[in-house]
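See structure below.
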Amino acid sequence: MYDEFLTFAVALAREAGQIQLAYFRGNDLAIRTKSNISDVVTRADRESEELIAGAIVERWPSHAILGEEGGSRGAAASDYRWVIDPLDGTTNYSQGLPVFAVSIALQYRGEPIVGVVYAPYLNELFTAARGGGAYLSTGGGTPQPIHVAGKQSLPTAVVATGFPYDKDRNPDNNAANVARILPHVRDLRRMGAAAYDLCAVAAGFLDGFWELGLHEWDVAAGSLILLEAGGVIRELRADRGVSLVAGNAAIVDEIGRYVE
Ligand code: IPD
Ligand code: CA
Ligand code: CA
């Protein structure tokens with residue numbers, strides 16, 4: 001039903017991924033800071049968003065677009081809205097670390113209908129269309145269905161989190177949550193790309209994930225992929241942007257005992 005959109009988004013994600021690989025670990029990244037010294041943007045972020053948003057405007061001129069780097073464009077009143085994080089995990093990317101991804105979602109009347117997250121260096125493509133399940137294609141191979149892990153308690157769970165960019169000036173920066181939960185989990189990861197974190201939970205590579213102060217573009221595609229993989233998302237806080245806990249129902253409950 002959503003095949004045309006999904007195929008289009010996958011092709012764009014792969015193309016943007018090629019831009020990112022071309023600059024990766026090179027000395028032509030043109031790194032700049034945004035909101036503060038921790039918040040960086042590179043040439044690859046900007047060029048990827050231009051490629052993706054430009055192609056959407058050309059193919060679907062009546063649709064709305066929200067992109068991290070370019071803001072809102074297109075037809076604002078449209079029922080269809082694309083939400084793009086052209087490069088999620090820019091800190092990793094700018095350091096030469098391999099966990100970064102292109103994230104593209106399409107919403108219809110505010111509900112996600114298509115989600116694509118492509119990690120070009122890892123060559124992992126996560127996809128979902130509403131009601132159609134979630135899939136992972138590795139190395140360009142046939143997409144395989146993915147499902148969240150079944151663990152029911154934290155002592156065997158490996159969970160991930162992240163830290164907000166205002167961590168220097170706002171003490172409500174997730175450090176206390178980490179200190180509380182750490183003794184109770186098998187281990188903790190800070191992967192560095194929220195879209196990838198959600199997909200890793202969707203595929204059962206991580207058992208759970210929480211983060212505060214995210215933005216819509218970080219989670220729009222990954223949330224649909226997680227839900228279609230049988231996962232659960234709970235809002236963690238109403239006062240800190242997009243703040244969520246993800247996993248299976250039991251792990252979301254367990255994480256919720258320690259984080260706020
Ligand atoms: C960031 C990553 C990171 C998360 C930050 C996000 P960006 O996105 O997803 O894991 O902790 O909150 O802003 O800036 O690399 O697109
Ligand atoms: Ca992001
Ligand atoms: Ca980004």
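By order in the structure tokens, chains are A, B, ...; within a chain, residues start at 1; ligands start at 1, following the order shown.
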Could you pull the residues within 9 Å of Asn174 (chain A), counting only C-alpha atoms, minus those fewer than 6 positions along the same chain, as an mmCIF file with N, CA, C and O atoms, in the first residue's frame?
```cif
data_model
loop_
_atom_site.group_PDB
_atom_site.id
_atom_site.type_symbol
_atom_site.label_atom_id
_atom_site.label_comp_id
_atom_site.auth_asym_id
_atom_site.auth_seq_id
_atom_site.Cartn_x
_atom_site.Cartn_y
_atom_site.Cartn_z
ATOM 1 N N THR A 161 21.348 4.684 25.962
ATOM 2 C CA THR A 161 20.791 6.010 26.211
ATOM 3 C C THR A 161 21.621 7.050 25.472
ATOM 4 O O THR A 161 22.500 6.706 24.671
ATOM 5 N N GLY A 162 21.310 8.307 25.711
ATOM 6 C CA GLY A 162 22.082 9.402 25.117
ATOM 7 C C GLY A 162 21.967 10.617 26.011
ATOM 8 O O GLY A 162 21.220 10.605 27.001
ATOM 9 N N PHE A 163 22.692 11.658 25.678
ATOM 10 C CA PHE A 163 22.741 12.860 26.518
ATOM 11 C C PHE A 163 22.393 14.094 25.700
ATOM 12 O O PHE A 163 22.851 14.229 24.568
ATOM 13 N N PRO A 164 21.608 14.995 26.274
ATOM 14 C CA PRO A 164 21.182 16.174 25.521
ATOM 15 C C PRO A 164 22.331 17.155 25.298
ATOM 16 O O PRO A 164 23.284 17.204 26.080
ATOM 17 N N LYS A 167 23.713 19.627 28.022
ATOM 18 C CA LYS A 167 24.198 18.972 29.251
ATOM 19 C C LYS A 167 25.161 19.839 30.056
ATOM 20 O O LYS A 167 25.297 19.668 31.260
ATOM 21 N N GLU A 211 15.923 8.180 26.241
ATOM 22 C CA GLU A 211 16.646 9.443 26.083
ATOM 23 C C GLU A 211 15.683 10.606 26.298
ATOM 24 O O GLU A 211 14.488 10.517 26.017
ATOM 25 N N LEU A 212 16.247 11.717 26.773
ATOM 26 C CA LEU A 212 15.505 12.971 26.990
ATOM 27 C C LEU A 212 15.934 13.991 25.948
ATOM 28 O O LEU A 212 17.086 13.998 25.525
ATOM 29 N N VAL A 259 14.504 5.686 35.648
ATOM 30 C CA VAL A 259 14.823 6.926 34.922
ATOM 31 C C VAL A 259 13.637 7.882 34.980
ATOM 32 O O VAL A 259 12.483 7.475 35.075
ATOM 33 N N GLU A 260 13.954 9.174 34.910
ATOM 34 C CA GLU A 260 12.894 10.170 34.933
ATOM 35 C C GLU A 260 13.309 11.364 34.095
ATOM 36 O O GLU A 260 14.468 11.498 33.733
#
```
What residues of the protein or nucleic acid chains come within 12 Å of ligand 2 when you use only C-alpha atoms and all ligand atoms? Reply as a ChimeraX atom specification.
/A:39-41,45,67-69,83-93,99-104,117,162-165,192-198,211,213-222,242
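Using only C-alpha atoms and all ligand atoms, the smallest distance between any of A:Gly132, A:Gly54, A:Gly70, A:Gly96 and ligand 3 comes from A:Gly70.
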I need the strand (DSSP E or B) residues of region 162-241 of chain A per DSSP on the backbone, written as a count of residues only.
14
For Ser78 (chain A), which residue out of A:Leu97, A:Ala249, A:Leu106, A:Leu188 is the nearest one, using only C-alpha atoms?
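Answer, going by the shortest atom-to-atom distance: A:Leu106.
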From a DSSP pass on the backbone, collect the residues of region 190-243 of chain A flagged as alpha helix (DSSP H) and hand them back as a list in words.
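Selecting the alpha helix (DSSP H) positions of region 190-243 of chain A gives Ala194, Ala195, Tyr196, Asp197, Leu198, Cys199, Ala200, Val201, Ala202, Glu216, Trp217, Asp218, Val219, Ala220, Ala221, Gly222, Ser223, Leu224, Ile225, Leu226, Leu227 and Glu228 of chain A.
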Quick one: of A:Gly141, A:Gly150, A:Gly110, A:Gly71, who's nearest to ligand 3, counting only C-alpha atoms and all ligand atoms?
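So, comparing all the options, the nearest one is A:Gly71.
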Out of A:Ala149, A:Val158, A:Ala179, A:Ile37, which residue has the shortest atom-to-atom distance to ligand 1 when counting only C-alpha atoms and all ligand atoms?
A:Ile37
Hey, what's within 8 Å of region 118-130 of chain A if we count only C-alpha atoms and toss same-chain stuff fewer than 4 positions away? As a PyMOL selection string, please?
chain A and resi 2+6+13-14+17-18+20-21+98-103+112-114+134-140+196+199+224-225+228
Interatomic distance (Å, one decimal) between CA of Thr42 (chain A) and atom 12 (O, counted along the ligand's line) of ligand 1
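Taking CA of Thr42 (chain A) as the start and atom 12 (O, counted along the ligand's line) of ligand 1 as the end point, the length is 16.2 Å.
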Find the spatial neighbours of Tyr80 (chain A), counting only C-alpha atoms, within a cut-off of 7 Å - ignore same-chain residues fewer than 2 positions away - and output them as a list of chain:residue names.
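Listed by chain and then number, they are A:His63, A:Ala64, A:Ser78, A:Trp82, A:Leu106, A:Gln107, A:Tyr108, A:Arg109.
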